[in-house]
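Data block for run_20.cif (mmCIF, C-alpha atoms and all ligand atoms):
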```
data_protein
loop_
_atom_site.label_atom_id
_atom_site.label_comp_id
_atom_site.auth_asym_id
_atom_site.auth_seq_id
_atom_site.Cartn_x
_atom_site.Cartn_y
_atom_site.Cartn_z
CA MET A 1272 88.16 42.92 -84.37
CA GLY A 1273 89.39 39.66 -82.89
CA SER A 1274 87.10 37.14 -81.25
CA LEU A 1275 88.52 38.07 -77.84
CA THR A 1276 87.24 41.60 -78.22
CA ARG A 1277 83.85 40.45 -79.46
CA ARG A 1278 83.53 37.97 -76.61
CA ALA A 1279 84.39 40.65 -74.07
CA LEU A 1280 81.51 42.77 -75.29
CA VAL A 1281 79.10 39.91 -75.05
CA THR A 1282 80.13 38.59 -71.68
CA GLY A 1283 81.64 41.57 -69.99
CA ALA A 1284 84.93 39.67 -69.62
CA PRO A 1285 87.98 41.94 -69.57
CA SER A 1286 89.79 42.32 -72.85
CA VAL A 1287 93.13 44.00 -73.32
CA ALA A 1288 92.04 45.46 -76.66
CA LEU A 1289 88.75 46.76 -75.33
CA ALA A 1290 90.20 47.99 -72.08
CA SER A 1291 92.82 50.02 -73.90
CA LEU A 1292 90.25 51.45 -76.32
CA ALA A 1293 87.88 52.27 -73.49
CA ALA A 1294 90.73 53.83 -71.52
CA GLN A 1295 91.47 56.15 -74.42
CA GLY A 1296 87.88 57.27 -74.18
CA SER A 1297 88.07 60.46 -76.24
CA SER A 1298 86.99 61.48 -79.70
CA GLN A 1299 90.55 61.72 -80.89
CA ALA A 1300 91.26 58.29 -79.48
CA ALA A 1301 88.44 56.91 -81.60
CA GLN A 1302 91.03 56.83 -84.38
CA SER A 1303 93.53 54.04 -84.72
CA ILE A 1304 96.25 53.47 -87.28
CA THR A 1305 96.29 50.07 -88.93
CA ALA A 1306 99.13 49.30 -91.35
CA GLY A 1307 99.52 52.94 -92.23
CA VAL A 1308 95.82 53.42 -92.98
CA VAL A 1309 93.79 55.65 -90.70
CA THR A 1310 90.56 53.91 -89.82
CA THR A 1311 88.09 55.37 -87.42
CA ALA A 1312 86.63 53.16 -84.73
CA ALA A 1313 83.29 54.58 -85.82
CA GLN A 1314 83.56 52.63 -89.06
CA ASP A 1315 84.75 49.30 -87.67
CA GLU A 1316 81.71 47.32 -88.82
CA THR A 1317 82.96 44.09 -87.25
CA PHE A 1318 82.96 45.78 -83.88
CA TRP A 1319 79.61 47.49 -84.41
CA THR A 1320 77.96 44.32 -85.67
CA ALA A 1321 78.90 42.76 -82.33
CA ILE A 1322 77.32 45.70 -80.53
CA GLN A 1323 74.16 45.58 -82.65
CA ALA A 1324 73.83 41.90 -81.76
CA GLN A 1325 73.56 42.91 -78.10
CA TYR A 1326 70.22 44.61 -78.69
CA ASP A 1327 66.92 42.83 -79.15
CA VAL A 1328 64.90 45.41 -81.07
CA ASN A 1329 62.04 45.19 -83.53
CA ARG A 1330 63.52 45.63 -86.97
CA ALA A 1331 60.26 45.31 -88.86
CA ILE A 1332 60.69 49.04 -89.37
CA VAL A 1333 63.97 50.97 -89.47
CA PRO A 1334 64.00 52.44 -85.93
CA LEU A 1335 65.37 55.97 -86.19
CA GLU A 1336 63.37 57.58 -83.38
CA ASN A 1337 65.60 56.70 -80.46
CA GLY A 1338 65.41 60.06 -78.73
CA ASN A 1339 62.34 59.29 -76.66
CA TRP A 1340 64.39 56.89 -74.57
CA GLY A 1341 67.24 54.46 -75.16
CA VAL A 1342 66.52 50.76 -74.96
CA MET A 1343 68.61 48.50 -72.75
CA SER A 1344 71.15 46.14 -74.29
CA ARG A 1345 70.60 42.47 -73.52
CA PRO A 1346 73.19 42.25 -70.67
CA VAL A 1347 71.58 45.28 -69.00
CA GLN A 1348 68.12 43.80 -69.46
CA GLN A 1349 69.35 40.58 -67.84
CA ALA A 1350 70.84 42.48 -64.89
CA TYR A 1351 67.54 44.35 -64.55
CA ALA A 1352 65.56 41.10 -64.51
CA GLU A 1353 67.86 39.74 -61.80
CA ASN A 1354 67.56 42.91 -59.72
CA LEU A 1355 63.77 42.87 -60.04
CA GLN A 1356 63.66 39.25 -59.00
CA ARG A 1357 65.92 39.91 -56.02
CA VAL A 1358 64.00 42.97 -54.80
CA ASN A 1359 60.72 41.16 -55.16
CA TYR A 1360 62.00 38.01 -53.47
CA ASP A 1361 63.75 39.67 -50.53
CA ASN A 1362 61.05 42.27 -50.27
CA THR A 1363 61.21 44.88 -47.53
CA PHE A 1364 63.85 42.84 -45.70
CA TYR A 1365 66.18 43.91 -48.50
CA ALA A 1366 64.71 47.40 -48.93
CA ARG A 1367 65.05 48.33 -45.26
CA ARG A 1368 68.35 46.68 -44.44
CA SER A 1369 70.55 46.73 -47.57
CA TYR A 1370 69.13 49.01 -50.23
CA GLY A 1371 70.48 52.25 -48.72
CA ALA A 1372 74.08 51.02 -48.83
CA ASP A 1373 73.60 49.53 -52.29
CA LEU A 1374 72.15 52.77 -53.63
CA ALA A 1375 75.03 54.75 -52.09
CA ALA A 1376 77.46 52.49 -53.96
CA VAL A 1377 75.55 53.10 -57.19
CA GLY A 1378 75.72 56.85 -56.47
CA GLN A 1379 79.49 56.64 -55.94
CA ARG A 1380 79.84 54.80 -59.24
CA LEU A 1381 77.78 57.39 -61.12
CA ALA A 1382 79.69 60.24 -59.48
CA ASP A 1383 82.99 58.63 -60.58
CA VAL A 1384 81.79 58.37 -64.17
CA LEU A 1385 80.53 61.95 -64.11
CA GLY A 1386 83.77 63.17 -62.53
CA VAL A 1387 82.04 64.74 -59.49
CA SER A 1388 81.55 63.93 -55.78
CA PRO A 1389 78.69 61.70 -54.62
CA ASP A 1390 77.35 64.42 -52.30
CA GLU A 1391 76.96 66.68 -55.35
CA ILE A 1392 74.47 64.36 -57.07
CA ALA A 1393 71.05 62.95 -56.24
CA PHE A 1394 69.05 60.30 -58.06
CA THR A 1395 65.74 61.29 -59.59
CA ARG A 1396 63.30 59.35 -61.75
CA ASN A 1397 64.16 61.32 -64.87
CA ALA A 1398 65.66 64.57 -66.15
CA THR A 1399 62.33 66.36 -65.77
CA GLU A 1400 62.24 65.71 -62.03
CA ALA A 1401 65.88 66.79 -61.71
CA LEU A 1402 65.44 70.04 -63.65
CA GLN A 1403 62.14 70.91 -61.97
CA ALA A 1404 63.85 70.53 -58.59
CA LEU A 1405 66.67 72.83 -59.71
CA ILE A 1406 64.48 75.47 -61.38
CA GLY A 1407 61.91 75.43 -58.60
CA GLY A 1408 64.50 75.32 -55.83
CA TYR A 1409 66.77 78.09 -57.16
CA ASN A 1410 66.46 80.66 -54.38
CA ARG A 1411 68.40 83.69 -55.67
CA LEU A 1412 65.44 85.29 -57.45
CA SER A 1413 63.53 88.28 -56.15
CA PRO A 1414 60.48 90.01 -57.58
CA GLY A 1415 61.62 92.23 -60.43
CA ASP A 1416 64.48 89.92 -61.48
CA ALA A 1417 64.30 88.12 -64.82
CA VAL A 1418 65.05 84.62 -66.13
CA LEU A 1419 65.86 83.51 -69.66
CA TYR A 1420 65.13 80.51 -71.86
CA ALA A 1421 65.21 79.74 -75.60
CA ASP A 1422 62.86 78.25 -78.20
CA LEU A 1423 64.86 75.03 -78.43
CA ASP A 1424 64.64 74.24 -74.70
CA TYR A 1425 62.50 71.29 -73.66
CA ASP A 1426 58.80 72.10 -73.23
CA ALA A 1427 58.44 70.99 -69.62
CA MET A 1428 61.46 73.11 -68.63
CA GLN A 1429 60.06 76.13 -70.49
CA THR A 1430 56.87 75.65 -68.47
CA ALA A 1431 58.85 75.49 -65.24
CA MET A 1432 60.70 78.69 -66.18
CA ARG A 1433 57.39 80.47 -66.91
CA TRP A 1434 56.03 79.25 -63.57
CA LEU A 1435 58.77 81.28 -61.89
CA ALA A 1436 56.85 84.42 -62.90
CA GLU A 1437 54.00 83.36 -60.64
CA ARG A 1438 56.13 81.74 -57.98
CA ARG A 1439 58.97 84.25 -57.64
CA GLY A 1440 57.52 87.35 -59.31
CA VAL A 1441 60.17 87.43 -62.03
CA GLU A 1442 59.95 88.51 -65.65
CA VAL A 1443 60.45 85.69 -68.15
CA VAL A 1444 62.51 86.44 -71.27
CA ARG A 1445 62.40 84.07 -74.24
CA ILE A 1446 64.76 84.15 -77.21
CA ALA A 1447 64.87 82.30 -80.52
CA LEU A 1448 68.27 80.81 -81.28
CA PRO A 1449 69.80 81.88 -84.60
CA GLU A 1450 69.38 79.62 -87.59
CA PRO A 1451 71.63 78.74 -89.28
CA ALA A 1452 73.62 78.61 -86.09
CA SER A 1453 77.32 79.21 -85.61
CA ARG A 1454 79.35 78.96 -82.42
CA GLU A 1455 79.88 82.70 -82.23
CA GLY A 1456 76.27 83.41 -83.24
CA LEU A 1457 74.93 81.26 -80.40
CA ILE A 1458 77.17 82.81 -77.76
CA GLU A 1459 76.30 86.23 -79.12
CA ALA A 1460 72.55 85.50 -79.00
CA TYR A 1461 72.75 84.75 -75.28
CA ALA A 1462 75.13 87.66 -74.62
CA ALA A 1463 72.80 90.05 -76.45
CA ALA A 1464 69.81 88.82 -74.43
CA LEU A 1465 71.70 89.31 -71.16
CA ASP A 1466 72.87 92.77 -72.21
CA ALA A 1467 69.34 93.77 -73.25
CA ASN A 1468 67.88 92.47 -69.97
CA PRO A 1469 70.28 93.33 -67.16
CA ARG A 1470 67.81 91.99 -64.56
CA ILE A 1471 68.32 88.41 -65.75
CA ARG A 1472 69.83 86.37 -62.91
CA MET A 1473 69.31 82.83 -64.08
CA MET A 1474 68.94 81.06 -67.40
CA LEU A 1475 68.15 77.63 -68.76
CA LEU A 1476 70.55 76.07 -71.26
CA THR A 1477 69.93 72.87 -73.18
CA HIS A 1478 73.22 71.28 -74.16
CA LEU A 1479 71.72 69.25 -77.01
CA SER A 1480 68.31 70.15 -78.38
CA HIS A 1481 65.69 67.42 -78.57
CA ARG A 1482 64.05 69.36 -81.41
CA THR A 1483 66.89 69.84 -83.90
CA GLY A 1484 69.95 68.20 -82.36
CA LEU A 1485 71.75 71.56 -82.08
CA VAL A 1486 74.60 71.41 -79.56
CA LEU A 1487 75.21 74.64 -77.65
CA PRO A 1488 78.75 75.72 -76.75
CA VAL A 1489 77.65 75.41 -73.13
CA ALA A 1490 81.02 75.97 -71.45
CA GLU A 1491 81.51 79.29 -73.26
CA ILE A 1492 77.95 80.45 -72.60
CA VAL A 1493 78.13 79.50 -68.91
CA ASP A 1494 81.41 81.37 -68.61
CA MET A 1495 80.09 84.44 -70.43
CA ALA A 1496 76.99 84.46 -68.20
CA ARG A 1497 79.05 84.07 -65.04
CA THR A 1498 81.04 87.21 -65.86
CA ARG A 1499 77.66 89.02 -65.94
CA GLY A 1500 76.59 87.49 -62.62
CA VAL A 1501 74.06 85.15 -64.25
CA ASP A 1502 73.63 81.49 -63.25
CA ALA A 1503 72.82 78.71 -65.71
CA ILE A 1504 70.77 75.59 -65.07
CA VAL A 1505 71.91 73.12 -67.71
CA ASP A 1506 69.77 70.38 -69.25
CA VAL A 1507 72.02 67.57 -70.50
CA ALA A 1508 69.21 65.01 -70.91
CA HIS A 1509 70.29 64.33 -74.50
CA ALA A 1510 73.91 65.39 -74.34
CA TRP A 1511 75.49 63.32 -71.59
CA GLY A 1512 76.05 59.86 -73.03
CA GLN A 1513 75.44 60.90 -76.61
CA MET A 1514 78.54 63.10 -76.53
CA ASP A 1515 81.92 62.48 -74.95
CA TYR A 1516 82.68 64.79 -72.04
CA ALA A 1517 83.05 64.86 -68.27
CA LEU A 1518 80.45 66.98 -66.50
CA PRO A 1519 82.92 69.44 -64.88
CA SER A 1520 84.14 70.47 -68.35
CA LEU A 1521 80.86 72.39 -68.78
CA GLY A 1522 81.71 74.60 -65.81
CA ALA A 1523 78.03 74.40 -64.87
CA ASP A 1524 76.87 74.63 -61.25
CA PHE A 1525 73.41 73.11 -61.74
CA VAL A 1526 72.72 70.21 -64.11
CA GLY A 1527 69.83 67.81 -64.77
CA LEU A 1528 70.33 64.52 -66.60
CA ASN A 1529 68.91 61.09 -67.15
CA LEU A 1530 70.39 57.64 -67.66
CA HIS A 1531 67.52 56.11 -69.59
CA LYS A 1532 68.31 57.88 -72.83
CA TRP A 1533 71.96 57.57 -73.80
CA MET A 1534 73.23 55.35 -70.98
CA GLY A 1535 70.73 52.59 -71.73
CA ALA A 1536 69.66 52.17 -68.08
CA PRO A 1537 66.12 50.99 -67.33
CA LEU A 1538 63.41 53.62 -67.68
CA GLY A 1539 63.03 55.70 -64.55
CA VAL A 1540 66.59 56.81 -63.73
CA GLY A 1541 67.75 60.43 -63.71
CA ALA A 1542 70.02 62.56 -61.56
CA LEU A 1543 70.71 66.14 -60.60
CA TYR A 1544 74.07 67.73 -59.97
CA ILE A 1545 74.82 70.79 -57.83
CA ARG A 1546 78.40 71.99 -57.42
CA ARG A 1547 79.17 71.72 -53.72
CA GLU A 1548 79.84 75.44 -53.25
CA ARG A 1549 76.40 76.23 -54.74
CA LEU A 1550 74.25 73.86 -52.66
CA GLY A 1551 72.96 76.77 -50.61
CA ASP A 1552 71.43 78.35 -53.74
CA ILE A 1553 68.96 75.50 -54.21
CA ASP A 1554 66.43 75.23 -51.38
CA PRO A 1555 66.08 71.92 -49.57
CA PHE A 1556 63.12 70.28 -51.28
CA MET A 1557 59.82 71.46 -49.76
CA GLY A 1558 61.53 72.06 -46.43
CA GLU A 1559 63.19 68.65 -46.63
CA ASP A 1560 64.27 67.47 -43.18
CA SER A 1561 67.24 65.54 -44.49
CA PRO A 1562 69.88 63.75 -42.43
CA ALA A 1563 72.36 65.22 -44.92
CA PRO A 1564 71.25 68.84 -45.44
CA GLY A 1565 74.59 69.72 -47.00
CA SER A 1566 74.20 67.32 -49.90
CA ALA A 1567 72.42 67.40 -53.23
CA SER A 1568 70.14 64.58 -52.06
CA ALA A 1569 68.26 67.06 -49.84
CA ARG A 1570 67.26 69.03 -52.97
CA VAL A 1571 64.82 66.45 -54.29
CA HIS A 1572 62.50 64.00 -52.58
CA THR A 1573 61.20 61.26 -54.82
CA GLY A 1574 59.71 58.81 -52.34
CA THR A 1575 59.58 55.14 -53.17
CA ALA A 1576 60.90 54.57 -56.67
CA ASN A 1577 61.95 51.62 -58.81
CA PHE A 1578 64.71 50.03 -56.71
CA ALA A 1579 65.66 47.56 -59.45
CA ALA A 1580 66.10 50.32 -62.04
CA TYR A 1581 68.65 52.16 -59.86
CA LEU A 1582 70.42 48.91 -58.97
CA THR A 1583 70.89 48.25 -62.70
CA VAL A 1584 72.77 51.51 -63.31
CA PRO A 1585 76.22 49.88 -62.82
CA ALA A 1586 75.40 47.27 -65.48
CA ALA A 1587 74.42 50.06 -67.89
CA LEU A 1588 77.57 52.04 -67.09
CA ASP A 1589 79.66 48.87 -67.54
CA PHE A 1590 78.18 48.15 -70.95
CA GLN A 1591 78.57 51.71 -72.20
CA GLY A 1592 82.01 52.00 -70.61
CA ARG A 1593 83.23 48.92 -72.46
CA ILE A 1594 82.32 50.63 -75.72
CA GLY A 1595 83.88 53.89 -74.55
CA ALA A 1596 82.33 57.36 -74.64
CA GLY A 1597 84.61 58.58 -77.43
CA ARG A 1598 83.93 55.62 -79.67
CA LYS A 1599 80.19 55.85 -79.01
CA ALA A 1600 80.05 59.56 -79.86
CA ALA A 1601 82.13 58.97 -82.99
CA ARG A 1602 79.79 56.18 -84.14
CA LEU A 1603 76.64 58.24 -83.61
CA ALA A 1604 78.15 61.18 -85.52
CA TYR A 1605 79.23 58.80 -88.28
CA LEU A 1606 75.72 57.31 -88.61
CA ARG A 1607 74.28 60.83 -88.69
CA ASN A 1608 76.71 62.00 -91.36
CA LEU A 1609 75.81 59.08 -93.60
CA TRP A 1610 72.44 60.70 -94.30
CA VAL A 1611 73.09 64.36 -93.52
CA GLU A 1612 76.14 65.16 -95.62
CA PRO A 1613 74.93 63.74 -98.97
CA LEU A 1614 71.69 65.74 -98.59
CA ARG A 1615 72.98 68.96 -97.08
CA ASP A 1616 73.08 70.86 -100.37
CA HIS A 1617 69.98 69.29 -101.94
CA PRO A 1618 67.56 72.09 -102.87
CA GLY A 1619 64.54 70.04 -101.81
CA ILE A 1620 65.52 69.63 -98.16
CA GLU A 1621 66.72 71.77 -95.26
CA ILE A 1622 69.08 70.27 -92.70
CA LEU A 1623 68.57 72.21 -89.48
CA THR A 1624 71.77 71.31 -87.68
CA PRO A 1625 74.96 73.07 -88.81
CA ALA A 1626 77.91 71.42 -90.55
CA ASP A 1627 80.28 72.51 -87.71
CA PRO A 1628 80.94 69.13 -85.98
CA SER A 1629 81.16 70.83 -82.58
CA LEU A 1630 77.49 71.87 -82.91
CA SER A 1631 75.97 68.45 -83.56
CA ALA A 1632 76.07 64.83 -82.38
CA GLY A 1633 73.79 61.94 -83.42
CA ILE A 1634 70.41 63.70 -83.53
CA THR A 1635 69.64 65.89 -86.52
CA ALA A 1636 66.40 67.34 -87.86
CA PHE A 1637 65.31 68.19 -91.39
CA ARG A 1638 62.31 69.59 -93.17
CA LEU A 1639 61.37 69.35 -96.83
CA ALA A 1640 62.15 72.75 -98.32
CA GLY A 1641 59.66 75.37 -97.25
CA GLN A 1642 57.55 72.98 -95.14
CA THR A 1643 57.37 74.57 -91.71
CA THR A 1644 53.98 73.57 -90.31
CA VAL A 1645 53.39 70.78 -87.82
CA GLU A 1646 50.96 69.09 -90.24
CA GLN A 1647 53.51 69.10 -93.09
CA ASN A 1648 56.20 67.60 -90.91
CA ARG A 1649 53.88 65.02 -89.40
CA ALA A 1650 53.00 64.08 -92.98
CA ALA A 1651 56.69 63.85 -93.95
CA ALA A 1652 57.36 61.49 -91.01
CA ASP A 1653 54.26 59.46 -91.95
CA GLN A 1654 55.48 59.23 -95.53
CA LEU A 1655 58.89 58.02 -94.39
CA LEU A 1656 57.20 55.29 -92.39
CA GLU A 1657 54.45 54.23 -94.76
CA ARG A 1658 56.37 54.46 -98.03
CA PHE A 1659 59.89 53.57 -96.93
CA GLY A 1660 59.52 51.78 -93.59
CA VAL A 1661 61.65 54.31 -91.69
CA TYR A 1662 60.39 55.48 -88.29
CA THR A 1663 61.17 59.08 -87.22
CA VAL A 1664 59.14 61.76 -85.43
CA HIS A 1665 58.04 65.32 -86.18
CA ARG A 1666 58.95 68.04 -83.65
CA ALA A 1667 57.40 71.46 -83.17
CA GLY A 1668 58.56 74.50 -81.23
CA ALA A 1669 61.65 75.78 -83.06
CA ALA A 1670 61.11 79.43 -83.99
CA SER A 1671 61.90 78.62 -87.64
CA GLY A 1672 59.08 76.05 -87.75
CA ALA A 1673 58.39 72.37 -87.30
CA CYS A 1674 60.77 69.65 -88.49
CA VAL A 1675 61.34 65.90 -88.51
CA ARG A 1676 63.87 64.53 -86.04
CA VAL A 1677 66.14 61.58 -86.83
CA THR A 1678 67.81 59.86 -83.89
CA PRO A 1679 70.14 56.92 -84.54
CA ALA A 1680 71.16 54.52 -81.77
CA LEU A 1681 74.11 52.19 -81.37
CA PHE A 1682 72.03 49.32 -82.78
CA ASN A 1683 71.38 51.10 -86.08
CA THR A 1684 73.29 49.84 -89.09
CA VAL A 1685 74.89 51.60 -92.04
CA GLU A 1686 72.11 50.06 -94.15
CA ASP A 1687 69.50 51.76 -91.94
CA MET A 1688 71.08 55.14 -92.64
CA VAL A 1689 71.41 54.46 -96.36
CA ARG A 1690 67.73 53.52 -96.46
CA LEU A 1691 66.83 56.82 -94.81
CA ARG A 1692 69.17 58.80 -97.08
CA ASP A 1693 67.70 57.24 -100.24
CA ALA A 1694 64.13 57.75 -99.03
CA LEU A 1695 64.80 61.40 -98.25
CA ARG A 1696 66.54 61.93 -101.55
CA THR A 1697 63.48 60.56 -103.35
CA MET A 1698 61.15 62.81 -101.34
CA ALA A 1699 63.38 65.85 -101.86
CA ASP A 1700 63.75 65.15 -105.61
CA GLU A 1701 59.98 64.96 -105.89
CA ARG A 1702 59.69 68.27 -104.14
CA VAL A 1703 62.12 69.88 -106.58
CA LEU A 1704 60.45 68.27 -109.61
CA SER A 1705 57.05 69.50 -108.51
CA GLY A 1706 58.53 72.99 -108.66
CA VAL A 1707 57.62 73.87 -105.08
CA ALA A 1708 61.07 73.68 -103.48
CA THR A 1709 61.89 77.12 -102.26
CA ARG A 1710 65.66 77.14 -102.14
C1 LIG A 1801 66.29 68.17 -73.82
C2 LIG A 1801 65.43 67.34 -72.90
N1 LIG A 1801 65.35 67.69 -71.63
C3 LIG A 1801 64.63 66.99 -70.74
C4 LIG A 1801 63.93 65.89 -71.13
C5 LIG A 1801 63.11 65.13 -70.13
O1 LIG A 1801 63.75 63.92 -69.89
P1 LIG A 1801 63.01 62.80 -69.04
O2 LIG A 1801 62.04 62.17 -69.99
O3 LIG A 1801 64.09 61.90 -68.59
O4 LIG A 1801 62.33 63.49 -67.93
C6 LIG A 1801 63.96 65.47 -72.45
C7 LIG A 1801 63.20 64.31 -72.89
O5 LIG A 1801 63.09 63.98 -74.04
C8 LIG A 1801 64.73 66.23 -73.36
O6 LIG A 1801 64.79 65.89 -74.64
#
```
Produce structure tokens that represent the structure in this file.
Amino acid sequence: MGSLTRRALVTGAPSVALASLAAQGSSQAAQSITAGVVTTAAQDETFWTAIQAQYDVNRAIVPLENGNWGVMSRPVQQAYAENLQRVNYDNTFYARRSYGADLAAVGQRLADVLGVSPDEIAFTRNATEALQALIGGYNRLSPGDAVLYADLDYDAMQTAMRWLAERRGVEVVRIALPEPASREGLIEAYAAALDANPRIRMMLLTHLSHRTGLVLPVAEIVDMARTRGVDAIVDVAHAWGQMDYALPSLGADFVGLNLHKWMGAPLGVGALYIRRERLGDIDPFMGEDSPAPGSASARVHTGTANFAAYLTVPAALDFQGRIGAGRKAARLAYLRNLWVEPLRDHPGIEILTPADPSLSAGITAFRLAGQTTVEQNRAAADQLLERFGVYTVHRAGAASGACVRVTPALFNTVEDMVRLRDALRTMADERVLSGVATR
């Protein structure tokens, strides 16, 4: 990568090379041909070293638990500091007179990036608030109907779905997703649940699981459900920004997302999306008396929130946009494959996410062979940290048992992944040598 390109990343100055790469913006476009040799942008270490240098993160440990939230790059952090200073300095004079128009401009920008209309989205503080507003506001349920969710869905959303039993008098159906998963197997699991429970009217779908990293073929499942008259509320908290797609490609009518995971915005920024034709199926929030009843913004009411965090969204979108969604997704998959593929067939370890590249992204979970309890997986994560200096996290809740989740970020290096791979190989070898590995 030339110095022009590197400088553009640092300063935000336009660069022909970067602009054209960003404009390509798709997974296929993450490949370029140099002197007859195919190199993937995911492996351009000169480029990625420049990106890594944009993040001030503690490297005393190898940070591979980046699924909780995604830290801001330095330019975004600077923009946030400026916005905070401005809001604090101008005080309510700014909040009352200018913030509304500024926030509308931020909404327009987000809508453009998502590929939807601004009146179809509303800002929330996080994905939880967005999805709770959608699940709680969905008004097409009657007593005796049923709703569906799966073991890999996020805990707070499972709770909200169960609450519908009390609130709307519906039956709640829970399924376990197949493991190992295949595209057809996943679609079939949902189809079978809908066929077995014809009263299901609405279901929750998580595009990318925070437990195992499994990516659902959401567009196909939404389509299959629609032909059976079933609506889907889609949780893309981990998918949008980690993967490369425009929201309308999911075909989903109701979506909850955040920008503080994979868009690197300040903590406290989420959004909900409702397709315009479906606004009437989500109640105005607690009888919201909105000046714009026909917009998504009437479906959630947050009250005073962190002005500076929302005002920093354009800086986050700029930074991520300069990298390009396709290149970002390709890099995260590349970092993931550096540890997953060499270990996939090791008898001492189970990789939970399938080899099919359409069913995974950056996040992937493992467990040492046969170790399914929470305690065993907490111990495995502890061992990775204490013995090898690699920070990950255990996750519970998958029907097949607990696991350890590994989440790389754009600031992780190839060396980080190699360190993890070697540590896991040592732990898995030990498990085999001790004679307790079960596969
Ligand atoms: C799949 C999934 N959905 C929803 C959420 C909630 O996101 P937030 O913390 O922005 O509310 C998370 C958080 O980790 C998640 O992993």
- Message: As an exercise, work out the distance from CA of Ala1601 in chain A to CA of Asp1506 in chain A in Å and give it to one decimal place.
- Response: 21.7 Å
Each residue of range 1591-1661 of chain A with at least one atom at most 10 Å from range 1314-1321 of chain A should appear once, together with its nearest atom pair and the corresponding distance in Å (one decimal); atoms considered: only C-alpha atoms; ordering: chain, then increasing residue number; output as a Markdown table.
```
| residue | atom | partner | partner_atom | distance |
| --- | --- | --- | --- | --- |
| A:Ile1594 | CA | A:Phe1318 | CA | 9.5 |
| A:Arg1598 | CA | A:Gln1314 | CA | 9.9 |
| A:Lys1599 | CA | A:Trp1319 | CA | 10.0 |
| A:Ala1601 | CA | A:Gln1314 | CA | 8.9 |
| A:Arg1602 | CA | A:Gln1314 | CA | 7.1 |
| A:Tyr1605 | CA | A:Gln1314 | CA | 7.6 |
| A:Leu1606 | CA | A:Gln1314 | CA | 9.1 |
```
Using all atoms listed in the file, which residues sit within 7 Å of range 1383-1398 of chain A once same-chain residues fewer than 4 positions away are excluded, as a CSV table (one decimal) with C-alpha atoms, in the coordinates of the input?
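The file below, result_24.csv, is the result:
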```csv
chain,number,residue,atom,x,y,z
A,1378,GLY,CA,75.7,56.8,-56.5
A,1379,GLN,CA,79.5,56.6,-55.9
A,1402,LEU,CA,65.4,70.0,-63.6
A,1508,ALA,CA,69.2,65.0,-70.9
A,1517,ALA,CA,83.0,64.9,-68.3
A,1518,LEU,CA,80.4,67.0,-66.5
A,1519,PRO,CA,82.9,69.4,-64.9
A,1527,GLY,CA,69.8,67.8,-64.8
A,1528,LEU,CA,70.3,64.5,-66.6
A,1529,ASN,CA,68.9,61.1,-67.2
A,1539,GLY,CA,63.0,55.7,-64.6
A,1540,VAL,CA,66.6,56.8,-63.7
A,1541,GLY,CA,67.8,60.4,-63.7
A,1542,ALA,CA,70.0,62.6,-61.6
A,1543,LEU,CA,70.7,66.1,-60.6
A,1544,TYR,CA,74.1,67.7,-60.0
A,1545,ILE,CA,74.8,70.8,-57.8
A,1546,ARG,CA,78.4,72.0,-57.4
A,1547,ARG,CA,79.2,71.7,-53.7
A,1566,SER,CA,74.2,67.3,-49.9
A,1567,ALA,CA,72.4,67.4,-53.2
A,1568,SER,CA,70.1,64.6,-52.1
A,1573,THR,CA,61.2,61.3,-54.8
```
- Distance criterion (all atoms listed in the file): nearest to ligand LIG 1801 (chain A) out of A:Arg1676, A:Arg1696, A:Arg1345, A:Arg1368: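 Smallest separation from ligand LIG 1801 (chain A) among the options: A:Arg1676.
The spacing separating CA of Glu1455 in chain A from CA of Leu1630 in chain A amounts to 11.1 Å.
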